[in-house]
Structures are given as C-alpha cells and as structure tokens.
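**Q** Would you mind keeping the following structure in view while I ask a few things?
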Amino acid sequence: MSGKPQDEKAWGEFWARNARKGGGGCMPQRWAAIEQAQQAAWKGFIEQVGGTPRVLDLATGDGRVLAWLMQMRPGIEATGTDLAPQLPPPPPGAKVMAGVAMEELPFEDASFDAITSQFGFEYGDTSRSAKEVARMLAGDGRVGLMVHRGDGPILEHNAVRREQIGWVLSEKDLFTHVRKALDSDDADGALALATEVTGEGSERWGQTSPGWEIPEAVRRTLVYGARGSRQQLLGTLDQIEHQAGNEIGRIESLGRACAAADDRDTLLAHFSDAGLALIDTAEVCEPSGRAFADFLTLERA
C-alpha cells in the first residue's frame with residue numbers, strides 16, 4: 001500500500017476490514033483465471049533467482065505473493081511490508097510488518113536477494129521507493145514488479161463499481177433522503193425510499209452490484225433496525241455510507257496507480273537513477289488474451 005495520504009486511508013480501511021474477516025483481496029473472487037496467470041508470472045520470476053533467496057514483498061496486503069513463492073520455493077526467507085496498520089494473518093512461515101512505508105524501509109543494505117510487489121509499488125512515491133529497492137537489493141539480486149494497466153479489466157471493473165456507488169450516494173442521494181424521513185418520524189417513508197432505490201439498482205445492474213447491495217443494506221437496516229434504538233439504526237447507516245465512500249476512495253486510488261504504472265518512461269527513469277535496469281517486460285493476460293498487468297523484471301545496471 002502506498003505512502004500517499006489519500007491512498008493510505010482508502011487501503012488502510014480496506015485491509016483492516018479484511019483482517020477482521022481473515023483474508024481478502026482487491027479483485028472479484030470469481031476471477032480465478034487472473035490469479036492463475038499471476039501465479040504463473042511469479043513462478044517464472046522465482047525460477048530465475050538462484051539458491052534459497054531472501055525475499056521482500058512490498059505492499060504485501062494479505063501476503064498472497066509470499067504464499068505462492070513459498071510454495072514454489074520451499075525454504076525461502078519470506079518478509080512482507082505494508083503501510084496499512086492492520087493486515088490479515090500472514091502466510092505460515094512468513095514475517096509481515098504492518099505500518100511500514102515503501103519509501104522508508106527498516107532493513108540493512110543488500111538484505112534481500114529478491115524484491116517483489118504485486119499491484120503495490122505504483123501506489124507509492126516511485127522515485128523514493130526505487131532508491132530503497134536499490135539500497136536493499138543484493139548485488140546479484142532481482143526485482144519483480146507486477147503493475148496495473150489502465151487499459152486492463154481490473155480498472156474497467158472497478159470503474160463500473162465507482163459509477164454504481166456514485167449513483168447511490170450522489171444521484172439518488174439515498175442516505176440524505178432516508179435521514180430526512182427518519183428526522184420527520186416517517187419510518188415508512190424512509191423504508192419506501194430504500195426499497196425503491198433497491199429495486200432500481202437491481203433492474204439496472206443486478207443483485208451482485210453495489211448499485212443493489214448498498215440500498216439493500218439500507219433497506220434491511222431500516223427493517224431490522226426498527227427493533228433496536230434509533231441511535232443504533234443511525235450508526236449502522238453511517239457505517240454503510242462510510243464504507244461506500246471509502247470504496248470510492250480505493251477505486252480512485254487504483255486509477256492513480258494505473259496512471260503511474262502506465263507512465264513507464266518516468267517509472268523506469270526512477271529505477272535508472274537508482275542504478276537498476278529493466279531486463280524484461282511481459283504482459284500478464286486473462287484467458288481471452290487481454291492483458292491486465294505488466295510484469296517488470298529489473299537488476300543492477
């Protein structure tokens with residue numbers, strides 16, 4: 001996760017929720033083929049790193065890259081860092097440090113034989129982070145970065161989610177209207193509003209979309225919240241609205257990261273300034289052949 005304040009808030013809350021759930025990720029679970037392509041890319045990378053490497057995974061999140069690498073190369077020394085203050089449990093045998101910025105890492109020079117990051121490096125200050133990567137990389141070590149693509153399906157999928165959430169929060173302004181009805185002691189009117197938006201969201205986007213899920217959560221809160229206190233009901237509505245707003249922040253963060261990764265000349269210039277050179281770029285594709293990421297491999301110049 002990045003060192004930019006707006007990204008820190010969005011992703012910090014994301015991983016805190018997933019820590020409580022015991023795991024998670026930032027792509028739909030049904031995208032198993034994308035995960036398989038990711039694993040294949042990391043297998044190709046780790047096969048090019050000799051011996052029993054010391055591996056550092058930046059912006060590690062739920063530690064999935066470390067888990068894959070440990071399965072592919074038993075015995076590696078696996079370390080992960082992430083700026084988020086709360087993270088899901090690390091993979092068994094891995095050491096993961098929360099609350100650590102990529103731009104200022106607490107390790108000695110030349111501490112790692114391989115430094116990796118999957119959809120993480122491009123969220124930070126890439127100039128400062130590149131210098132840290134170069135500082136910590138052993139002389140014959142390698143860097144593997146899987147970075148976003150702005151023309152890929154991940155941003156496309158999340159942009160649709162952004163549109164749907166914005167429709168509920170801004171165009172329909174559901175939370176404002178529901179609260180006004182409750183302030184007027186019109187619980188039936190509040191429920192009718194939520195029910196109407198739920199139906200419209202289902203019709204427009206289906207019952208697996210945020211356009212349905214958010215108003216449906218409001219509707220259920222109004223139905224079941226009537227059994228509890230008004231304070232509890234309003235608190236639950238606040239929580240739903242906050243999480244929806246945080247999701248918008250996370251998606252906007254993703255868009256900025258895609259733009260940073262797509263500005264490849266600048267990204268590679270930062271590495272060149274730090275003494276690292278690109279030795280390979282490979283597209284990472286879903287089964288249709290559409291690229292959703294680029295895999296960059298670097299070493300000392």
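Identifiers in this document derive from the order of the structure tokens: chains are assigned A, B, ..., residues are numbered from 1 separately in each chain, and ligands are numbered from 1 in order of occurrence.
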Can you list, as number ranges by chain, every residue of stretch 73-291 of chain A that DSSP puts in helix (DSSP H, G or I)?
**A** A: 121-123, 126-136, 153-171, 174-183, 187-205, 210-225, 230-262, 264-273
**Q** Output C-alpha atoms of each residue in that selection to a file, as a short mmCIF file (atom, residue, chain, number, x, y, z; two decimals), in the first residue's frame.
**A**
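Resulting contents of again25.cif:
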```cif
data_model
loop_
_atom_site.label_atom_id
_atom_site.label_comp_id
_atom_site.auth_asym_id
_atom_site.auth_seq_id
_atom_site.Cartn_x
_atom_site.Cartn_y
_atom_site.Cartn_z
CA PHE A 121 4.81 -0.35 -5.95
CA GLU A 122 2.96 2.05 -8.26
CA TYR A 123 0.86 3.37 -5.38
CA THR A 126 8.12 5.65 -7.04
CA SER A 127 11.28 7.75 -7.03
CA ARG A 128 11.93 7.29 -3.31
CA SER A 129 10.80 3.66 -3.35
CA ALA A 130 13.12 2.82 -6.26
CA LYS A 131 16.07 4.13 -4.25
CA GLU A 132 15.05 1.97 -1.28
CA VAL A 133 14.72 -1.10 -3.50
CA ALA A 134 18.19 -0.50 -4.94
CA ARG A 135 19.64 0.00 -1.47
CA MET A 136 18.27 -3.27 -0.12
CA PRO A 153 -10.11 -5.29 -16.96
CA ILE A 154 -9.30 -4.59 -13.30
CA LEU A 155 -9.66 -0.82 -13.62
CA GLU A 156 -12.58 -1.30 -16.00
CA HIS A 157 -14.41 -3.50 -13.47
CA ASN A 158 -13.77 -1.06 -10.65
CA ALA A 159 -14.79 1.95 -12.74
CA VAL A 160 -18.22 0.35 -13.16
CA ARG A 161 -18.40 -0.14 -9.39
CA ARG A 162 -17.43 3.52 -8.93
CA GLU A 163 -20.29 4.57 -11.19
CA GLN A 164 -22.81 2.46 -9.28
CA ILE A 165 -21.70 3.65 -5.85
CA GLY A 166 -21.77 7.24 -7.05
CA TRP A 167 -25.30 6.70 -8.34
CA VAL A 168 -26.47 5.63 -4.87
CA LEU A 169 -24.54 8.29 -2.94
CA SER A 170 -24.86 11.29 -5.26
CA GLU A 171 -27.50 10.88 -7.95
CA LEU A 174 -30.15 7.90 -0.65
CA PHE A 175 -28.64 8.47 2.77
CA THR A 176 -29.66 12.14 2.90
CA HIS A 177 -33.26 11.38 1.93
CA VAL A 178 -33.53 8.45 4.34
CA ARG A 179 -32.19 10.51 7.23
CA LYS A 180 -34.59 13.37 6.45
CA ALA A 181 -37.50 10.93 6.52
CA LEU A 182 -36.34 9.50 9.83
CA ASP A 183 -35.89 13.00 11.26
CA ALA A 187 -40.01 5.44 9.11
CA ASP A 188 -42.38 4.06 6.48
CA GLY A 189 -41.30 6.76 4.03
CA ALA A 190 -37.63 6.01 4.67
CA LEU A 191 -38.23 2.32 4.02
CA ALA A 192 -40.18 3.10 0.85
CA LEU A 193 -37.28 5.22 -0.45
CA ALA A 194 -34.73 2.49 0.23
CA THR A 195 -36.98 -0.15 -1.33
CA GLU A 196 -37.44 1.96 -4.46
CA VAL A 197 -33.70 2.53 -4.94
CA THR A 198 -33.00 -1.15 -4.24
CA GLY A 199 -35.41 -2.17 -7.00
CA GLU A 200 -33.97 0.35 -9.44
CA GLY A 201 -30.43 -0.77 -8.68
CA SER A 202 -31.37 -4.40 -9.20
CA GLU A 203 -33.01 -3.61 -12.52
CA ARG A 204 -30.10 -1.51 -13.78
CA TRP A 205 -27.13 -3.61 -12.59
CA PRO A 210 -23.04 -2.13 -5.42
CA GLY A 211 -25.98 -0.37 -7.05
CA TRP A 212 -28.19 -3.02 -5.44
CA GLU A 213 -26.11 -4.08 -2.43
CA ILE A 214 -25.86 -0.62 -0.82
CA PRO A 215 -29.56 0.32 -0.93
CA GLU A 216 -30.45 -3.25 0.05
CA ALA A 217 -28.22 -2.89 3.12
CA VAL A 218 -30.05 0.35 3.93
CA ARG A 219 -33.42 -1.33 3.43
CA ARG A 220 -32.53 -4.21 5.73
CA THR A 221 -31.16 -1.80 8.33
CA LEU A 222 -34.48 0.05 8.34
CA VAL A 223 -36.45 -3.19 8.64
CA TYR A 224 -34.39 -4.77 11.38
CA GLY A 225 -33.22 -1.52 12.96
CA ARG A 230 -32.67 4.97 16.95
CA GLN A 231 -29.02 5.62 17.77
CA GLN A 232 -28.04 2.11 16.66
CA LEU A 233 -30.03 2.46 13.45
CA LEU A 234 -28.42 5.79 12.55
CA GLY A 235 -24.99 4.41 13.48
CA THR A 236 -25.43 1.49 11.09
CA LEU A 237 -26.50 3.84 8.30
CA ASP A 238 -23.40 5.96 8.96
CA GLN A 239 -21.22 2.86 8.74
CA ILE A 240 -22.73 1.74 5.43
CA GLU A 241 -22.30 5.21 3.93
CA HIS A 242 -18.73 5.47 5.20
CA GLN A 243 -17.72 2.14 3.71
CA ALA A 244 -19.29 3.09 0.38
CA GLY A 245 -17.35 6.35 0.37
CA ASN A 246 -14.16 4.52 1.27
CA GLU A 247 -14.71 2.16 -1.65
CA ILE A 248 -14.87 5.16 -3.97
CA GLY A 249 -11.58 6.36 -2.48
CA ARG A 250 -9.99 2.95 -3.07
CA ILE A 251 -11.10 2.92 -6.70
CA GLU A 252 -9.80 6.43 -7.27
CA SER A 253 -6.52 5.29 -5.72
CA LEU A 254 -6.44 2.40 -8.20
CA GLY A 255 -6.91 4.86 -11.07
CA ARG A 256 -3.95 6.95 -9.90
CA ALA A 257 -1.82 3.81 -9.58
CA CYS A 258 -2.70 2.75 -13.14
CA ALA A 259 -1.68 6.17 -14.41
CA ALA A 260 1.65 5.95 -12.56
CA ALA A 261 2.35 2.47 -13.96
CA ASP A 262 1.35 3.50 -17.48
CA ARG A 264 6.50 3.81 -17.95
CA ASP A 265 9.24 6.22 -19.04
CA THR A 266 9.06 8.04 -15.72
CA LEU A 267 8.88 4.82 -13.73
CA LEU A 268 11.94 3.36 -15.44
CA ALA A 269 13.80 6.64 -15.14
CA HIS A 270 13.38 6.44 -11.37
CA PHE A 271 14.91 2.97 -11.38
CA SER A 272 17.71 4.05 -13.69
CA ASP A 273 18.53 6.92 -11.36
#
```
**Q** Measuring between only C-alpha atoms, which one of A:Gly139, A:Gly144, A:Leu296, A:Ser209 shows the shortest distance to A:Gly275?
**A**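 Between A:Gly139, A:Gly144, A:Leu296, A:Ser209, the residue approaching A:Gly275 most closely is A:Gly139.
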**Q** Find the spatial neighbours of stretch 79-82 of chain A, counting only C-alpha atoms, within a cut-off of 10 Å - ignore same-chain residues fewer than 5 positions away - and output them as number ranges by chain.
**A** A: 1-3, 12, 15, 54-63, 65-66, 87, 90, 93-102, 105-106, 112, 115-117, 120
**Q** Can those selected residues be exported to a file as a short mmCIF file (atom, residue, chain, number, x, y, z; two decimals), in the first residue's frame so that it contains N, CA and C atoms?
**A**
```cif
data_model
loop_
_atom_site.label_atom_id
_atom_site.label_comp_id
_atom_site.auth_asym_id
_atom_site.auth_seq_id
_atom_site.Cartn_x
_atom_site.Cartn_y
_atom_site.Cartn_z
N MET A 1 0.82 -1.19 0.00
CA MET A 1 0.00 0.00 0.00
C MET A 1 0.86 1.24 0.00
N SER A 2 0.33 2.30 -0.55
CA SER A 2 1.10 3.48 -0.84
C SER A 2 1.40 4.35 0.36
N GLY A 3 2.30 5.33 0.14
CA GLY A 3 2.57 6.32 1.16
C GLY A 3 1.81 7.61 0.94
N GLY A 12 -5.92 1.42 3.92
CA GLY A 12 -5.82 1.05 5.34
C GLY A 12 -7.12 0.48 5.86
N TRP A 15 -7.84 -3.09 4.21
CA TRP A 15 -7.15 -4.22 4.81
C TRP A 15 -7.57 -4.45 6.24
N ARG A 54 16.41 -14.70 0.02
CA ARG A 54 15.72 -13.84 0.98
C ARG A 54 14.82 -12.92 0.16
N VAL A 55 13.52 -13.01 0.40
CA VAL A 55 12.54 -12.30 -0.43
C VAL A 55 11.82 -11.25 0.40
N LEU A 56 11.71 -10.06 -0.15
CA LEU A 56 10.92 -8.98 0.45
C LEU A 56 9.78 -8.63 -0.49
N ASP A 57 8.54 -8.69 0.01
CA ASP A 57 7.37 -8.32 -0.78
C ASP A 57 6.83 -6.99 -0.27
N LEU A 58 6.83 -5.98 -1.14
CA LEU A 58 6.38 -4.64 -0.78
C LEU A 58 4.89 -4.49 -1.00
N ALA A 59 4.22 -3.73 -0.11
CA ALA A 59 2.77 -3.55 -0.17
C ALA A 59 2.11 -4.92 -0.22
N THR A 60 2.45 -5.76 0.73
CA THR A 60 2.13 -7.19 0.66
C THR A 60 0.66 -7.51 0.84
N GLY A 61 -0.10 -6.61 1.49
CA GLY A 61 -1.53 -6.88 1.68
C GLY A 61 -1.77 -8.15 2.47
N ASP A 62 -2.47 -9.09 1.86
CA ASP A 62 -2.76 -10.35 2.55
C ASP A 62 -1.66 -11.39 2.39
N GLY A 63 -0.53 -10.98 1.81
CA GLY A 63 0.63 -11.87 1.71
C GLY A 63 0.50 -12.97 0.67
N VAL A 65 1.36 -13.13 -2.48
CA VAL A 65 2.55 -13.38 -3.31
C VAL A 65 3.58 -14.18 -2.51
N LEU A 66 3.77 -13.82 -1.26
CA LEU A 66 4.69 -14.59 -0.42
C LEU A 66 4.24 -16.04 -0.30
N LEU A 87 -3.43 -5.85 9.06
CA LEU A 87 -3.38 -6.73 7.90
C LEU A 87 -3.96 -8.09 8.27
N PRO A 90 -0.48 -13.35 8.24
CA PRO A 90 0.48 -13.67 7.18
C PRO A 90 0.49 -15.16 6.87
N GLY A 93 5.00 -19.12 8.28
CA GLY A 93 6.42 -19.08 8.00
C GLY A 93 6.93 -17.74 7.48
N ALA A 94 6.00 -16.83 7.13
CA ALA A 94 6.40 -15.52 6.63
C ALA A 94 6.37 -14.49 7.77
N LYS A 95 7.24 -13.51 7.66
CA LYS A 95 7.23 -12.40 8.61
C LYS A 95 6.67 -11.18 7.88
N VAL A 96 5.58 -10.63 8.40
CA VAL A 96 4.95 -9.47 7.77
C VAL A 96 4.90 -8.32 8.76
N MET A 97 5.29 -7.14 8.29
CA MET A 97 5.34 -5.95 9.13
C MET A 97 4.33 -4.93 8.61
N ALA A 98 3.36 -4.58 9.44
CA ALA A 98 2.37 -3.57 9.10
C ALA A 98 2.88 -2.19 9.50
N GLY A 99 2.29 -1.15 8.89
CA GLY A 99 2.65 0.21 9.24
C GLY A 99 4.01 0.64 8.74
N VAL A 100 4.47 0.04 7.65
CA VAL A 100 5.81 0.34 7.11
C VAL A 100 5.67 0.88 5.69
N ALA A 101 6.22 2.05 5.45
CA ALA A 101 6.15 2.68 4.13
C ALA A 101 7.25 2.16 3.22
N MET A 102 6.91 2.00 1.94
CA MET A 102 7.90 1.56 0.95
C MET A 102 9.04 2.56 0.80
N LEU A 105 12.25 1.98 4.45
CA LEU A 105 12.17 0.61 4.93
C LEU A 105 13.22 0.32 6.00
N PRO A 106 12.87 -0.46 7.01
CA PRO A 106 13.76 -0.67 8.17
C PRO A 106 14.70 -1.85 8.01
N PHE A 112 18.28 -8.37 0.73
CA PHE A 112 17.38 -9.29 0.04
C PHE A 112 17.90 -9.67 -1.33
N ILE A 115 13.26 -8.81 -4.51
CA ILE A 115 12.27 -7.84 -4.01
C ILE A 115 11.10 -7.85 -4.97
N THR A 116 9.90 -8.02 -4.42
CA THR A 116 8.72 -8.20 -5.24
C THR A 116 7.62 -7.22 -4.83
N SER A 117 6.69 -7.02 -5.73
CA SER A 117 5.48 -6.26 -5.40
C SER A 117 4.43 -6.56 -6.46
N GLY A 120 1.33 -2.86 -6.07
CA GLY A 120 1.64 -2.12 -4.85
C GLY A 120 2.65 -1.00 -5.08
#
```
**Q** Distance atom CA of A:Asp113-atom CA of A:Pro53, one decimal place?
**A**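 So the two atoms, atom CA of A:Asp113 and atom CA of A:Pro53, lie 5.4 Å apart.
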**Q** Determine, counting only C-alpha atoms, which protein, DNA and RNA residues have an atom within 9 Å of an atom of A:Met72; residues of the same chain fewer than 2 positions away are not included. Present the result as a list in words.
**A**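 My reading of the contact set: Trp42, Lys43, Ile46, Glu47, Ala67, Trp68, Leu69, Met70 and Pro74 of chain A.
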**Q** Based on the selection just made, write C-alpha atoms of those residues as a PDB file, in the first residue's frame.
**A**
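Okay, this is what ended up in out_10.pdb:
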```pdb
ATOM      1  CA  TRP A  42       5.676 -15.302 -10.206  1.00  0.00           C
ATOM      2  CA  LYS A  43       6.769 -18.881 -10.886  1.00  0.00           C
ATOM      3  CA  ILE A  46      11.380 -17.069  -8.819  1.00  0.00           C
ATOM      4  CA  GLU A  47      12.857 -19.737 -11.105  1.00  0.00           C
ATOM      5  CA  ALA A  67       2.435 -17.617   0.000  1.00  0.00           C
ATOM      6  CA  TRP A  68       2.797 -18.509  -3.665  1.00  0.00           C
ATOM      7  CA  LEU A  69       6.580 -18.052  -3.652  1.00  0.00           C
ATOM      8  CA  MET A  70       6.957 -20.161  -0.505  1.00  0.00           C
ATOM      9  CA  PRO A  74      10.259 -24.121  -0.067  1.00  0.00           C
TER      10      PRO A  74
END
```
**Q** What separation in Å, quoted to one decimal, exists between atom CA of A:Val143 and atom CA of A:Glu299?
**A**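 Those two atoms sit 6.2 Å apart.
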**Q** Quick one: residues within 8 Å of A:Thr297, only C-alpha atoms counted, chain neighbours fewer than 3 positions away excluded, as JSON, numbers by chain?
**A** {"A": [45, 142, 143, 144, 145, 278, 279, 280, 281]}
**Q** For the residues in that selection, give me C-alpha atoms as a PDB file, in the first residue's frame.
**A**
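The new file result.pdb reads:
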```
ATOM      1  CA  PHE A  45      10.332 -14.969 -11.801  1.00  0.00           C
ATOM      2  CA  ARG A 142      16.395  -9.348  -8.920  1.00  0.00           C
ATOM      3  CA  VAL A 143      13.304  -7.191  -8.655  1.00  0.00           C
ATOM      4  CA  GLY A 144       9.897  -8.387  -9.847  1.00  0.00           C
ATOM      5  CA  LEU A 145       7.011  -5.951 -10.124  1.00  0.00           C
ATOM      6  CA  LEU A 278      14.883  -3.207 -16.800  1.00  0.00           C
ATOM      7  CA  ILE A 279      15.770  -6.602 -18.251  1.00  0.00           C
ATOM      8  CA  ASP A 280      12.304  -7.853 -19.220  1.00  0.00           C
ATOM      9  CA  THR A 281       8.684  -6.762 -19.583  1.00  0.00           C
TER      10      THR A 281
END
```
**Q** Work out how far atom CA of A:Gln118 is from atom CA of A:Arg64, in Å to one decimal.
**A**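 We find that atom CA of A:Arg64 and atom CA of A:Gln118 lie 9.3 Å from each other.
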**Q** Would you mind writing down, as an NGL selection string, each residue of stretch 57-278 of chain A that DSSP on the backbone assigns to strand (DSSP E)?
**A** :A and (57-58 or 77-82 or 95-98 or 112-118 or 137-148 or 276-278)
